[in-house]
$ cat data_33.txt   # compact mmCIF, C-alpha atoms and all ligand atoms
# COMPACT_ATOMS: atom_id res chain seq x y z
CA MET A 1 -23.34 17.21 7.57
CA ILE A 2 -26.44 17.04 9.74
CA ILE A 3 -27.74 20.20 11.44
CA VAL A 4 -30.46 20.03 14.09
CA LEU A 5 -32.26 23.35 14.58
CA LYS A 6 -33.66 24.58 17.88
CA PRO A 7 -37.39 24.06 18.48
CA GLN A 8 -39.92 26.71 17.46
CA ILE A 9 -37.87 28.57 14.88
CA ALA A 10 -39.95 30.71 12.53
CA PRO A 11 -40.26 29.12 9.04
CA GLU A 12 -38.91 32.23 7.30
CA GLU A 13 -35.81 32.14 9.50
CA ILE A 14 -35.21 28.50 8.52
CA THR A 15 -35.60 29.37 4.85
CA ARG A 16 -33.14 32.25 5.21
CA PHE A 17 -30.60 29.90 6.84
CA THR A 18 -30.97 27.12 4.24
CA ASP A 19 -30.65 29.66 1.39
CA HIS A 20 -27.47 30.95 3.00
CA LEU A 21 -26.03 27.42 3.28
CA ARG A 22 -26.80 26.71 -0.38
CA ASP A 23 -25.28 29.98 -1.60
CA ALA A 24 -22.25 30.04 0.64
CA TYR A 25 -21.16 26.41 0.31
CA ASP A 26 -22.68 25.18 -2.94
CA VAL A 27 -24.38 22.23 -1.25
CA LYS A 28 -27.82 20.66 -1.54
CA VAL A 29 -29.90 21.07 1.63
CA ASN A 30 -32.50 18.46 2.53
CA ARG A 31 -34.99 19.41 5.23
CA TRP A 32 -37.11 17.32 7.55
CA ASP A 33 -39.67 19.04 9.75
CA GLY A 34 -40.27 17.04 12.89
CA VAL A 35 -42.77 17.63 15.68
CA HIS A 36 -40.30 19.51 17.86
CA SER A 37 -37.46 20.52 15.61
CA THR A 38 -36.19 20.68 12.06
CA VAL A 39 -33.23 18.71 10.77
CA LEU A 40 -31.12 19.77 7.78
CA GLY A 41 -28.97 17.39 5.77
CA LEU A 42 -26.19 19.00 3.72
CA ILE A 43 -25.15 17.05 0.65
CA GLY A 44 -22.05 17.81 -1.39
CA ASP A 45 -18.51 18.84 -0.55
CA THR A 46 -18.75 19.94 3.07
CA THR A 47 -14.99 19.94 3.70
CA ARG A 48 -14.86 23.75 3.44
CA ILE A 49 -17.60 24.31 6.00
CA ASP A 50 -16.47 25.56 9.39
CA ILE A 51 -18.44 23.34 11.76
CA GLU A 52 -17.81 25.70 14.71
CA TYR A 53 -19.33 28.58 12.75
CA ILE A 54 -22.48 26.54 12.04
CA ASP A 55 -22.65 25.42 15.66
CA ALA A 56 -22.45 29.03 16.84
CA GLN A 57 -25.51 30.15 14.85
CA GLU A 58 -28.41 31.25 17.04
CA ILE A 59 -30.93 28.85 15.48
CA VAL A 60 -28.66 25.77 15.61
CA GLU A 61 -29.08 23.18 18.37
CA SER A 62 -26.33 20.79 17.22
CA VAL A 63 -24.27 19.87 14.19
CA LYS A 64 -22.46 16.70 13.19
CA ARG A 65 -20.22 15.74 10.32
CA VAL A 66 -21.07 12.48 8.62
CA GLN A 67 -18.08 12.79 6.29
CA GLU A 68 -14.50 13.31 7.46
CA PRO A 69 -13.06 16.77 6.66
CA TYR A 70 -10.07 15.24 4.81
CA LYS A 71 -10.42 13.97 1.27
CA LYS A 72 -7.03 13.14 -0.25
CA ALA A 73 -5.89 11.24 2.83
CA ASN A 74 -9.24 9.46 3.14
CA ARG A 75 -9.46 5.76 2.34
CA LYS A 76 -13.06 6.23 1.20
CA PHE A 77 -11.83 8.06 -1.89
CA HIS A 78 -8.68 5.96 -2.37
CA PRO A 79 -9.37 2.39 -1.21
CA GLU A 80 -6.00 0.88 -2.15
CA ASN A 81 -2.94 1.38 0.07
CA THR A 82 -0.50 4.08 -1.00
CA VAL A 83 2.91 2.62 -1.70
CA ILE A 84 5.85 5.03 -1.57
CA LYS A 85 8.80 3.88 -3.63
CA ILE A 86 12.06 5.24 -2.28
CA ASN A 87 14.43 3.23 -4.47
CA ASP A 88 14.53 -0.13 -6.23
CA SER A 89 14.61 -2.08 -2.99
CA VAL A 90 12.52 0.11 -0.68
CA SER A 91 8.79 0.55 -1.19
CA ILE A 92 6.94 1.61 1.93
CA GLY A 93 3.33 0.49 2.32
CA ASP A 94 3.54 -2.58 0.06
CA GLY A 95 3.08 -5.04 2.92
CA SER A 96 6.79 -5.38 3.75
CA LEU A 97 8.36 -3.98 6.92
CA HIS A 98 11.02 -1.26 6.73
CA ILE A 99 13.20 0.02 9.54
CA MET A 100 14.66 3.51 9.51
CA ALA A 101 17.50 3.44 12.03
CA GLY A 102 20.25 5.78 13.14
CA PRO A 103 21.20 8.35 15.71
CA CYS A 104 18.98 11.10 17.02
CA SER A 105 21.64 13.60 15.91
CA VAL A 106 24.38 13.31 13.33
CA GLU A 107 27.59 13.99 15.29
CA SER A 108 30.53 13.20 12.99
CA GLU A 109 31.34 11.37 9.78
CA GLU A 110 32.85 8.46 11.68
CA GLN A 111 29.75 8.18 13.86
CA ILE A 112 27.12 8.31 11.12
CA VAL A 113 28.99 6.10 8.65
CA GLY A 114 29.77 3.54 11.37
CA ILE A 115 26.16 3.41 12.57
CA ALA A 116 24.85 3.28 8.99
CA LYS A 117 27.01 0.24 8.16
CA SER A 118 26.01 -1.50 11.34
CA VAL A 119 22.22 -0.92 11.09
CA LYS A 120 22.31 -1.94 7.44
CA ALA A 121 23.95 -5.24 8.40
CA SER A 122 21.12 -5.74 10.91
CA GLY A 123 18.43 -5.26 8.27
CA ALA A 124 17.59 -1.54 8.39
CA THR A 125 16.71 -0.28 4.93
CA LEU A 126 16.85 3.46 5.64
CA LEU A 127 19.18 5.68 7.67
CA ARG A 128 17.77 8.29 10.05
CA GLY A 129 19.74 11.15 11.59
CA GLY A 130 18.94 14.67 12.70
CA ALA A 131 20.93 17.57 11.26
CA PHE A 132 18.54 20.32 12.39
CA LYS A 133 17.31 19.49 15.87
CA PRO A 134 14.22 20.93 17.59
CA ARG A 135 15.37 20.93 21.22
CA THR A 136 13.30 21.89 24.24
CA SER A 137 16.20 23.93 25.61
CA PRO A 138 17.89 26.67 23.57
CA TYR A 139 21.15 25.69 25.32
CA ALA A 140 21.03 22.07 24.11
CA PHE A 141 22.87 20.90 20.97
CA GLN A 142 20.94 22.21 17.95
CA GLY A 143 22.42 19.89 15.31
CA LEU A 144 25.30 20.10 12.85
CA LYS A 145 22.89 21.71 10.36
CA ALA A 146 24.14 21.81 6.72
CA GLU A 147 27.25 19.84 7.67
CA GLY A 148 24.98 17.16 9.16
CA LEU A 149 23.14 16.85 5.83
CA ASP A 150 26.48 16.40 4.03
CA LEU A 151 27.52 13.70 6.49
CA LEU A 152 24.22 11.86 5.97
CA LYS A 153 24.86 11.96 2.22
CA ALA A 154 28.36 10.58 2.80
CA ALA A 155 26.84 7.72 4.82
CA ARG A 156 24.33 7.08 2.03
CA LYS A 157 27.20 6.94 -0.47
CA GLU A 158 29.04 4.39 1.67
CA THR A 159 26.04 2.15 2.36
CA GLY A 160 23.40 2.86 -0.26
CA LEU A 161 20.83 3.49 2.50
CA PRO A 162 18.33 6.25 1.67
CA ILE A 163 18.32 9.04 4.26
CA VAL A 164 15.54 10.46 6.44
CA THR A 165 16.08 13.78 8.20
CA GLU A 166 14.04 16.56 9.77
CA ILE A 167 13.28 19.95 8.25
CA MET A 168 12.34 22.89 10.45
CA ARG A 169 11.85 25.79 8.08
CA VAL A 170 10.50 26.67 4.70
CA SER A 171 13.69 28.45 3.66
CA HIS A 172 15.62 25.16 4.01
CA ILE A 173 13.58 23.22 1.45
CA ASP A 174 16.19 23.68 -1.34
CA MET A 175 18.88 22.39 1.00
CA PHE A 176 16.86 19.16 1.42
CA GLU A 177 16.70 18.48 -2.32
CA ASN A 178 18.96 15.44 -2.11
CA VAL A 179 17.37 13.97 0.98
CA ASP A 180 15.27 10.84 0.30
CA ILE A 181 12.57 11.37 2.94
CA ILE A 182 11.91 14.71 4.64
CA GLN A 183 10.73 14.37 8.23
CA VAL A 184 8.33 16.90 9.73
CA GLY A 185 8.78 16.63 13.47
CA ALA A 186 6.05 16.48 16.08
CA ARG A 187 6.57 20.14 16.96
CA ASN A 188 5.95 21.22 13.38
CA MET A 189 2.95 19.02 12.61
CA GLN A 190 0.78 22.13 12.52
CA ASN A 191 3.30 24.47 10.92
CA PHE A 192 0.86 24.99 8.08
CA GLU A 193 3.15 27.24 6.04
CA LEU A 194 5.81 24.52 6.05
CA LEU A 195 3.22 21.84 5.19
CA LYS A 196 1.92 23.92 2.26
CA GLU A 197 5.42 24.37 0.84
CA LEU A 198 6.16 20.65 1.22
CA GLY A 199 2.97 20.06 -0.74
CA LYS A 200 4.58 21.72 -3.74
CA ILE A 201 7.58 19.40 -3.99
CA ASP A 202 7.85 15.84 -5.24
CA LYS A 203 9.45 14.18 -2.25
CA PRO A 204 8.26 11.64 0.37
CA ILE A 205 7.35 13.26 3.68
CA LEU A 206 7.38 11.53 7.08
CA LEU A 207 4.79 13.44 9.08
CA LYS A 208 5.13 12.86 12.81
CA ARG A 209 2.09 13.15 15.03
CA GLY A 210 2.01 16.30 17.15
CA LEU A 211 2.58 15.95 20.88
CA SER A 212 -1.10 16.34 21.66
CA ALA A 213 -2.68 16.03 18.25
CA THR A 214 -5.86 14.07 17.67
CA ILE A 215 -5.94 11.57 14.83
CA GLU A 216 -8.15 13.92 12.85
CA GLU A 217 -5.79 16.89 13.34
CA TRP A 218 -2.91 14.69 12.23
CA LEU A 219 -4.79 13.58 9.10
CA MET A 220 -5.69 17.20 8.37
CA SER A 221 -1.97 18.05 8.44
CA ALA A 222 -1.36 15.26 5.93
CA GLU A 223 -4.19 16.76 3.89
CA TYR A 224 -2.35 20.12 3.83
CA ILE A 225 0.63 18.47 2.12
CA MET A 226 -1.53 16.40 -0.22
CA ALA A 227 -3.81 19.29 -1.15
CA GLY A 228 -0.76 20.99 -2.68
CA GLY A 229 -0.12 17.99 -4.93
CA ASN A 230 2.43 15.96 -2.97
CA GLU A 231 0.66 12.72 -2.12
CA LYS A 232 3.76 10.90 -0.86
CA VAL A 233 3.00 11.20 2.83
CA MET A 234 3.77 8.69 5.59
CA LEU A 235 2.26 9.11 9.03
CA CYS A 236 4.49 8.52 12.04
CA GLU A 237 3.02 7.68 15.45
CA ARG A 238 5.66 8.76 17.99
CA GLY A 239 3.68 8.79 21.22
CA ILE A 240 1.40 11.45 22.59
CA ARG A 241 1.47 13.40 25.82
CA THR A 242 -0.72 11.91 28.54
CA TYR A 243 -0.82 12.16 32.35
CA GLU A 244 1.71 9.31 32.57
CA THR A 245 5.19 10.46 33.50
CA TYR A 246 6.98 7.11 33.64
CA THR A 247 7.53 7.24 29.89
CA ARG A 248 8.50 10.25 27.78
CA ASN A 249 5.22 9.89 25.86
CA THR A 250 2.52 7.25 25.56
CA LEU A 251 2.55 5.14 22.41
CA ASP A 252 -0.92 5.19 20.93
CA VAL A 253 -0.96 1.67 19.48
CA SER A 254 -4.61 1.99 18.56
CA ALA A 255 -3.73 4.84 16.19
CA ILE A 256 -2.09 2.26 13.88
CA PRO A 257 -5.23 0.27 12.94
CA ILE A 258 -7.31 3.44 13.13
CA ILE A 259 -5.11 5.23 10.57
CA LYS A 260 -5.14 2.11 8.42
CA LYS A 261 -8.94 2.19 8.50
CA LEU A 262 -9.36 5.92 7.89
CA SER A 263 -6.50 6.46 5.47
CA HIS A 264 -4.54 4.72 2.72
CA LEU A 265 -1.22 6.29 3.79
CA PRO A 266 1.61 4.16 5.24
CA VAL A 267 2.09 4.17 9.02
CA ILE A 268 5.52 4.28 10.62
CA VAL A 269 6.00 3.91 14.38
CA ASP A 270 8.72 5.52 16.49
CA PRO A 271 9.11 3.48 19.70
CA SER A 272 12.17 5.54 20.73
CA HIS A 273 10.48 8.93 21.19
CA ALA A 274 7.30 7.21 22.37
CA SER A 275 9.05 5.66 25.37
CA GLY A 276 12.20 7.67 26.03
CA LYS A 277 13.79 4.49 27.41
CA SER A 278 15.93 2.08 25.40
CA TRP A 279 14.62 -1.04 27.17
CA LEU A 280 11.08 -0.23 26.10
CA VAL A 281 11.96 0.06 22.42
CA GLU A 282 11.74 -3.67 21.70
CA PRO A 283 8.29 -4.37 23.23
CA LEU A 284 6.82 -1.23 21.66
CA ALA A 285 8.34 -2.09 18.28
CA MET A 286 6.84 -5.59 18.53
CA ALA A 287 3.43 -4.13 19.45
CA ALA A 288 3.62 -1.74 16.49
CA VAL A 289 4.43 -4.51 14.02
CA ALA A 290 1.68 -6.73 15.44
CA ALA A 291 -0.77 -3.83 15.10
CA GLY A 292 0.02 -3.38 11.40
CA ALA A 293 2.75 -0.74 11.08
CA ASP A 294 4.47 -0.50 7.69
CA GLY A 295 7.72 0.58 9.26
CA LEU A 296 9.63 1.59 12.36
CA ILE A 297 11.97 4.49 13.03
CA ILE A 298 14.44 3.62 15.78
CA GLU A 299 17.26 5.61 17.36
CA VAL A 300 20.59 3.76 17.42
CA HIS A 301 23.89 5.13 18.71
CA ASN A 302 27.45 3.81 18.85
CA ASP A 303 27.85 5.13 22.40
CA PRO A 304 24.44 5.99 23.95
CA PRO A 305 25.78 7.33 27.30
CA HIS A 306 27.71 9.99 25.36
CA ALA A 307 25.11 10.74 22.68
CA TRP A 308 24.65 14.47 22.01
CA SER A 309 20.88 13.99 22.19
CA ASP A 310 18.40 11.30 23.28
CA GLY A 311 20.99 8.86 24.65
CA ALA A 312 18.56 7.32 27.15
CA GLN A 313 16.29 6.03 24.40
CA SER A 314 19.02 5.05 21.94
CA LEU A 315 19.85 1.40 21.34
CA THR A 316 23.43 0.27 20.94
CA THR A 317 24.16 -1.32 17.58
CA ASN A 318 24.13 -4.77 19.26
CA GLN A 319 20.78 -4.11 20.91
CA PHE A 320 19.40 -2.90 17.60
CA ASP A 321 20.56 -6.10 15.92
CA LYS A 322 18.53 -8.16 18.41
CA VAL A 323 15.45 -5.95 18.12
CA ALA A 324 15.58 -6.06 14.30
CA LYS A 325 15.82 -9.86 14.33
CA ARG A 326 12.81 -10.13 16.61
CA VAL A 327 10.60 -7.70 14.71
CA PHE A 328 11.41 -9.24 11.32
CA ALA A 329 10.68 -12.70 12.76
CA LEU A 330 7.38 -11.44 14.13
CA LYS A 331 6.53 -9.82 10.80
CA SER A 332 7.16 -13.01 8.87
CA SER A 333 4.98 -14.99 11.29
CA LEU A 334 1.96 -12.69 10.76
C1 LIG A 401 13.42 13.03 16.16
O1 LIG A 401 13.00 12.18 15.36
O2 LIG A 401 14.62 13.09 16.51
C2 LIG A 401 12.47 13.95 16.80
C3 LIG A 401 12.83 15.14 17.25
O3 LIG A 401 11.24 13.42 16.89
P1 LIG A 401 9.82 14.08 17.34
O4 LIG A 401 9.54 15.17 16.37
O5 LIG A 401 8.89 12.91 17.21
O6 LIG A 401 9.98 14.54 18.75
MN MN A 402 15.56 12.08 19.06
$ encode --input "data_33.txt" --output "structure tokens"
Amino acid sequence: MIIVLKPQIAPEEITRFTDHLRDAYDVKVNRWDGVHSTVLGLIGDTTRIDIEYIDAQEIVESVKRVQEPYKKANRKFHPENTVIKINDSVSIGDGSLHIMAGPCSVESEEQIVGIAKSVKASGATLLRGGAFKPRTSPYAFQGLKAEGLDLLKAARKETGLPIVTEIMRVSHIDMFENVDIIQVGARNMQNFELLKELGKIDKPILLKRGLSATIEEWLMSAEYIMAGGNEKVMLCERGIRTYETYTRNTLDVSAIPIIKKLSHLPVIVDPSHASGKSWLVEPLAMAAVAAGADGLIIEVHNDPPHAWSDGAQSLTTNQFDKVAKRVFALKSSL
């Protein structure tokens, strides 16, 4: 961390400040006295330092981090890619492409088992489906809840596909014990109490990017989970809110190579929530694969016009089959 002090600060005031930094944060402080101002270089673990607090000090002109505030998620401290093994045939982050496919919401046994069989035949290696749904309106369908989890397990039993489903509260963690990947939705990316509790379990977490979260905020949320000991985190880019209203969100394709550069964690892309429109799913999925995504999460429904949630962005099983063929072909040509 580099701190530039304001000009003409009394030497004893500078000494008082540097002593405080050393004592409070256990860092080494290097000092350069220039003609107009003094620059301090903090060496050591600066992750615990509140940069806004430093910036607000009377004698400080400006402050800049030279090291990212996340450690466990940082590629600098973990150069090799993290590979998350889900079962004998699914390892995410090993260079292969995995597709998590299924409905936005689990609606019935017939629906989820039928979709699971179909997406598996098209090449999906994981089944997605919401049992607890975070809906914008309190009057909208909120999910089948515990029954939805049981139906996902029934679909897993029929097809062998591991299941991915969203958690919304800490008190539900025990209920998610038999889920293969726990999804933290965009709206809960900064539910720090939930993240801390998920850090204590040994279970892969799919952490979706918050609606207006910066890449650093997103990585700091991953850090919350990892700091507790659970290092099995996948980051999911699902579009961010911009001024554009044509699409539901704007897919931040650049986040894919950026995350790959900054972090060793696998990146999954959700073209369904990013676009809100089924016809945009294929081009966005292709862009994501070309940009280096380790996986995709795609909404697929047996009857999109009558889906209980997110019908407009859901692919039919036939459409999904075509999209899967194209993205796997693209992947193998890279
Ligand atoms: C979902 O996956 O169904 C979902 C609610 O996604 P997000 O949290 O990205 O909006
Ligand atoms: Mn959805």
$ closest_residue --input "data_33.txt" --among "A:Leu127, A:Leu149, A:Leu330, A:Ile297" --to "ligand MN 402 (chain A)" --atoms "only C-alpha atoms and all ligand atoms"
A:Ile297
$ atom_distance --input "data_33.txt" --atom1 "CA of Tyr246 in chain A" --atom2 "CA of Ser275 in chain A"
8.6 Å
$ axis_aligned_box --input "data_33.txt" --around "range 88-99 of chain A" --padding-each-side "3 Å" --output "JSON"
{"center_x": 8.8, "center_y": -1.9, "center_z": 1.7, "size_x": 17.5, "size_y": 13.0, "size_z": 21.8}
$ residues_near_ligand --input "data_33.txt" --ligand "ligand MN 402 (chain A)" --cutoff "8 Å" --atoms "all atoms listed in the file" --output "MDAnalysis selection string"
chainID A and resid 103:105 130 272:273 299 309:310
$ residues_around --input "data_33.txt" --residues "range 228-233 of chain A" --least-positions-apart "4" --cutoff "8 Å" --atoms "all atoms listed in the file" --output "PyMOL selection string"
chain A and resi 72+84+196-207+222+224+265-266
$ closest_residue --input "data_33.txt" --among "A:Asp270, A:Asp33, A:Asp88, A:Glu110" --to "ligand LIG 401 (chain A)" --atoms "only C-alpha atoms and all ligand atoms"
A:Asp270
$ closest_atom_pairs --input "data_33.txt" --of "chain A" --to "ligand LIG 401 (chain A)" --cutoff "8 Å" --atoms "all atoms listed in the file" --output "JSON lines"
{"residue": "A:Cys104", "atom": "CA", "partner": "A:LIG401", "partner_atom": "O2", "distance": 4.8}
{"residue": "A:Ser105", "atom": "CA", "partner": "A:LIG401", "partner_atom": "O2", "distance": 7.1}
{"residue": "A:Gly129", "atom": "CA", "partner": "A:LIG401", "partner_atom": "O2", "distance": 7.4}
{"residue": "A:Gly130", "atom": "CA", "partner": "A:LIG401", "partner_atom": "O2", "distance": 6.0}
{"residue": "A:Lys133", "atom": "CA", "partner": "A:LIG401", "partner_atom": "C3", "distance": 6.4}
{"residue": "A:Pro134", "atom": "CA", "partner": "A:LIG401", "partner_atom": "C3", "distance": 6.0}
{"residue": "A:Arg135", "atom": "CA", "partner": "A:LIG401", "partner_atom": "C3", "distance": 7.5}
{"residue": "A:Thr165", "atom": "CA", "partner": "A:LIG401", "partner_atom": "O1", "distance": 8.0}
{"residue": "A:Glu166", "atom": "CA", "partner": "A:LIG401", "partner_atom": "O1", "distance": 7.2}
{"residue": "A:Gln183", "atom": "CA", "partner": "A:LIG401", "partner_atom": "O1", "distance": 7.8}
{"residue": "A:Val184", "atom": "CA", "partner": "A:LIG401", "partner_atom": "O4", "distance": 7.0}
{"residue": "A:Gly185", "atom": "CA", "partner": "A:LIG401", "partner_atom": "O4", "distance": 3.3}
{"residue": "A:Ala186", "atom": "CA", "partner": "A:LIG401", "partner_atom": "O4", "distance": 3.7}
{"residue": "A:Arg187", "atom": "CA", "partner": "A:LIG401", "partner_atom": "O4", "distance": 5.8}
{"residue": "A:Asn188", "atom": "CA", "partner": "A:LIG401", "partner_atom": "O4", "distance": 7.6}
{"residue": "A:Lys208", "atom": "CA", "partner": "A:LIG401", "partner_atom": "O5", "distance": 5.8}
{"residue": "A:Arg209", "atom": "CA", "partner": "A:LIG401", "partner_atom": "O5", "distance": 7.1}
{"residue": "A:Gly210", "atom": "CA", "partner": "A:LIG401", "partner_atom": "O4", "distance": 7.7}
{"residue": "A:Leu211", "atom": "CA", "partner": "A:LIG401", "partner_atom": "O6", "distance": 7.8}
{"residue": "A:Arg238", "atom": "CA", "partner": "A:LIG401", "partner_atom": "O5", "distance": 5.3}
{"residue": "A:Gly239", "atom": "CA", "partner": "A:LIG401", "partner_atom": "O5", "distance": 7.8}
{"residue": "A:Asp270", "atom": "CA", "partner": "A:LIG401", "partner_atom": "O5", "distance": 7.4}
{"residue": "A:His273", "atom": "CA", "partner": "A:LIG401", "partner_atom": "O5", "distance": 5.8}
{"residue": "A:Ala274", "atom": "CA", "partner": "A:LIG401", "partner_atom": "O5", "distance": 7.9}
{"residue": "A:Glu299", "atom": "CA", "partner": "A:LIG401", "partner_atom": "O2", "distance": 8.0}
{"residue": "A:Asp310", "atom": "CA", "partner": "A:LIG401", "partner_atom": "O2", "distance": 8.0}
$ residues_near_point --input "data_33.txt" --point "(4.2, 4.1, -0.8)" --cutoff "7 Å" --atoms "only C-alpha atoms" --output "number ranges by chain"
A: 82-85, 91-94, 232, 266
$ atom_distance --input "data_33.txt" --atom1 "CA of Phe320 in chain A" --atom2 "CA of Lys120 in chain A"
10.6 Å
$ residues_near_point --input "data_33.txt" --point "(10.2, 4.2, 30.5)" --cutoff "9 Å" --atoms "all atoms listed in the file" --output "list of chain:residue names"
A:Thr245, A:Tyr246, A:Thr247, A:Arg248, A:Asn249, A:Ser275, A:Gly276, A:Lys277, A:Ser278, A:Trp279, A:Leu280, A:Gln313
$ residues_around --input "data_33.txt" --residues "Ser212 in chain A" --least-positions-apart "2" --cutoff "7 Å" --atoms "only C-alpha atoms" --output "list of chain:residue names"
A:Gly210, A:Thr214, A:Ile240, A:Arg241
$ atom_distance --input "data_33.txt" --atom1 "CA of Val113 in chain A" --atom2 "CA of Pro162 in chain A"
12.7 Å
$ closest_residue --input "data_33.txt" --among "A:Met1, A:Val27, A:Ala255, A:Asp294" --to "Val63 in chain A" --atoms "all atoms listed in the file"
A:Met1
$ residues_around --input "data_33.txt" --residues "Gly295 in chain A" --least-positions-apart "4" --cutoff "8 Å" --atoms "only C-alpha atoms" --output "PyMOL selection string"
chain A and resi 92+97-100+267-269+289
$ closest_residue --input "data_33.txt" --among "A:Gln111, A:Thr125, A:Asn74, A:Ser89" --to "Pro304 in chain A" --atoms "all atoms listed in the file"
A:Gln111
$ closest_residue --input "data_33.txt" --among "A:Pro7, A:Gly311, A:Gly41, A:Gly123" --to "Lys64 in chain A" --atoms "all atoms listed in the file"
A:Gly41
$ closest_residue --input "data_33.txt" --among "A:Gly114, A:Pro79, A:Gly292, A:Pro138" --to "Leu262 in chain A" --atoms "all atoms listed in the file"
A:Pro79
$ residues_around --input "data_33.txt" --residues "Gln67 in chain A" --least-positions-apart "4" --cutoff "12 Å" --atoms "all atoms listed in the file" --output "list in words"
Met1, Ile2, Gly41, Leu42, Ile43, Gly44, Asp45, Thr46, Thr47, Arg48, Ile49, Ile51, Lys71, Asn74, Arg75, Lys76, Phe77, Glu216 and Leu262 of chain A
$ residues_around --input "data_33.txt" --residues "Ala154 in chain A" --least-positions-apart "4" --cutoff "9 Å" --atoms "all atoms listed in the file" --output "list in words"
Glu109, Ile112, Val113, Leu149, Asp150, Glu158 and Thr159 of chain A
$ build_atoms --input "data_33.txt" --residues "range 191-196 of chain A" --atoms "all heavy atoms" --output "mmCIF file, keeping the file's coordinate frame"
data_model
loop_
_atom_site.group_PDB
_atom_site.id
_atom_site.type_symbol
_atom_site.label_atom_id
_atom_site.label_comp_id
_atom_site.auth_asym_id
_atom_site.auth_seq_id
_atom_site.Cartn_x
_atom_site.Cartn_y
_atom_site.Cartn_z
ATOM 1 N N ASN A 191 2.657 23.305 11.552
ATOM 2 C CA ASN A 191 3.300 24.470 10.920
ATOM 3 C C ASN A 191 2.759 24.497 9.486
ATOM 4 O O ASN A 191 3.347 23.934 8.565
ATOM 5 C CB ASN A 191 4.824 24.292 10.949
ATOM 6 C CG ASN A 191 5.549 25.460 10.332
ATOM 7 O OD1 ASN A 191 4.981 26.228 9.562
ATOM 8 N ND2 ASN A 191 6.828 25.579 10.658
ATOM 9 N N PHE A 192 1.598 25.107 9.342
ATOM 10 C CA PHE A 192 0.860 24.990 8.080
ATOM 11 C C PHE A 192 1.609 25.589 6.894
ATOM 12 O O PHE A 192 1.488 25.103 5.779
ATOM 13 C CB PHE A 192 -0.542 25.587 8.232
ATOM 14 C CG PHE A 192 -1.350 24.882 9.307
ATOM 15 C CD1 PHE A 192 -1.832 25.559 10.414
ATOM 16 C CD2 PHE A 192 -1.602 23.516 9.210
ATOM 17 C CE1 PHE A 192 -2.553 24.905 11.400
ATOM 18 C CE2 PHE A 192 -2.323 22.844 10.192
ATOM 19 C CZ PHE A 192 -2.806 23.538 11.286
ATOM 20 N N GLU A 193 2.387 26.651 7.147
ATOM 21 C CA GLU A 193 3.150 27.240 6.040
ATOM 22 C C GLU A 193 4.181 26.244 5.521
ATOM 23 O O GLU A 193 4.383 26.101 4.323
ATOM 24 C CB GLU A 193 3.815 28.556 6.471
ATOM 25 C CG GLU A 193 2.826 29.678 6.734
ATOM 26 C CD GLU A 193 1.841 29.897 5.573
ATOM 27 O OE1 GLU A 193 2.308 30.034 4.432
ATOM 28 O OE2 GLU A 193 0.626 29.928 5.819
ATOM 29 N N LEU A 194 4.828 25.541 6.447
ATOM 30 C CA LEU A 194 5.810 24.520 6.050
ATOM 31 C C LEU A 194 5.097 23.383 5.305
ATOM 32 O O LEU A 194 5.559 22.931 4.248
ATOM 33 C CB LEU A 194 6.528 23.989 7.306
ATOM 34 C CG LEU A 194 7.591 22.902 7.105
ATOM 35 C CD1 LEU A 194 8.720 23.389 6.207
ATOM 36 C CD2 LEU A 194 8.165 22.442 8.448
ATOM 37 N N LEU A 195 3.966 22.940 5.823
ATOM 38 C CA LEU A 195 3.220 21.840 5.190
ATOM 39 C C LEU A 195 2.812 22.228 3.760
ATOM 40 O O LEU A 195 2.930 21.435 2.826
ATOM 41 C CB LEU A 195 1.987 21.463 6.008
ATOM 42 C CG LEU A 195 2.230 21.014 7.459
ATOM 43 C CD1 LEU A 195 0.897 20.682 8.144
ATOM 44 C CD2 LEU A 195 3.163 19.808 7.533
ATOM 45 N N LYS A 196 2.356 23.474 3.596
ATOM 46 C CA LYS A 196 1.920 23.920 2.260
ATOM 47 C C LYS A 196 3.086 23.898 1.275
ATOM 48 O O LYS A 196 2.934 23.471 0.140
ATOM 49 C CB LYS A 196 1.325 25.338 2.337
ATOM 50 C CG LYS A 196 -0.116 25.340 2.815
ATOM 51 C CD LYS A 196 -0.736 26.699 2.607
ATOM 52 C CE LYS A 196 -0.934 27.387 3.930
ATOM 53 N NZ LYS A 196 -1.472 28.735 3.861
#
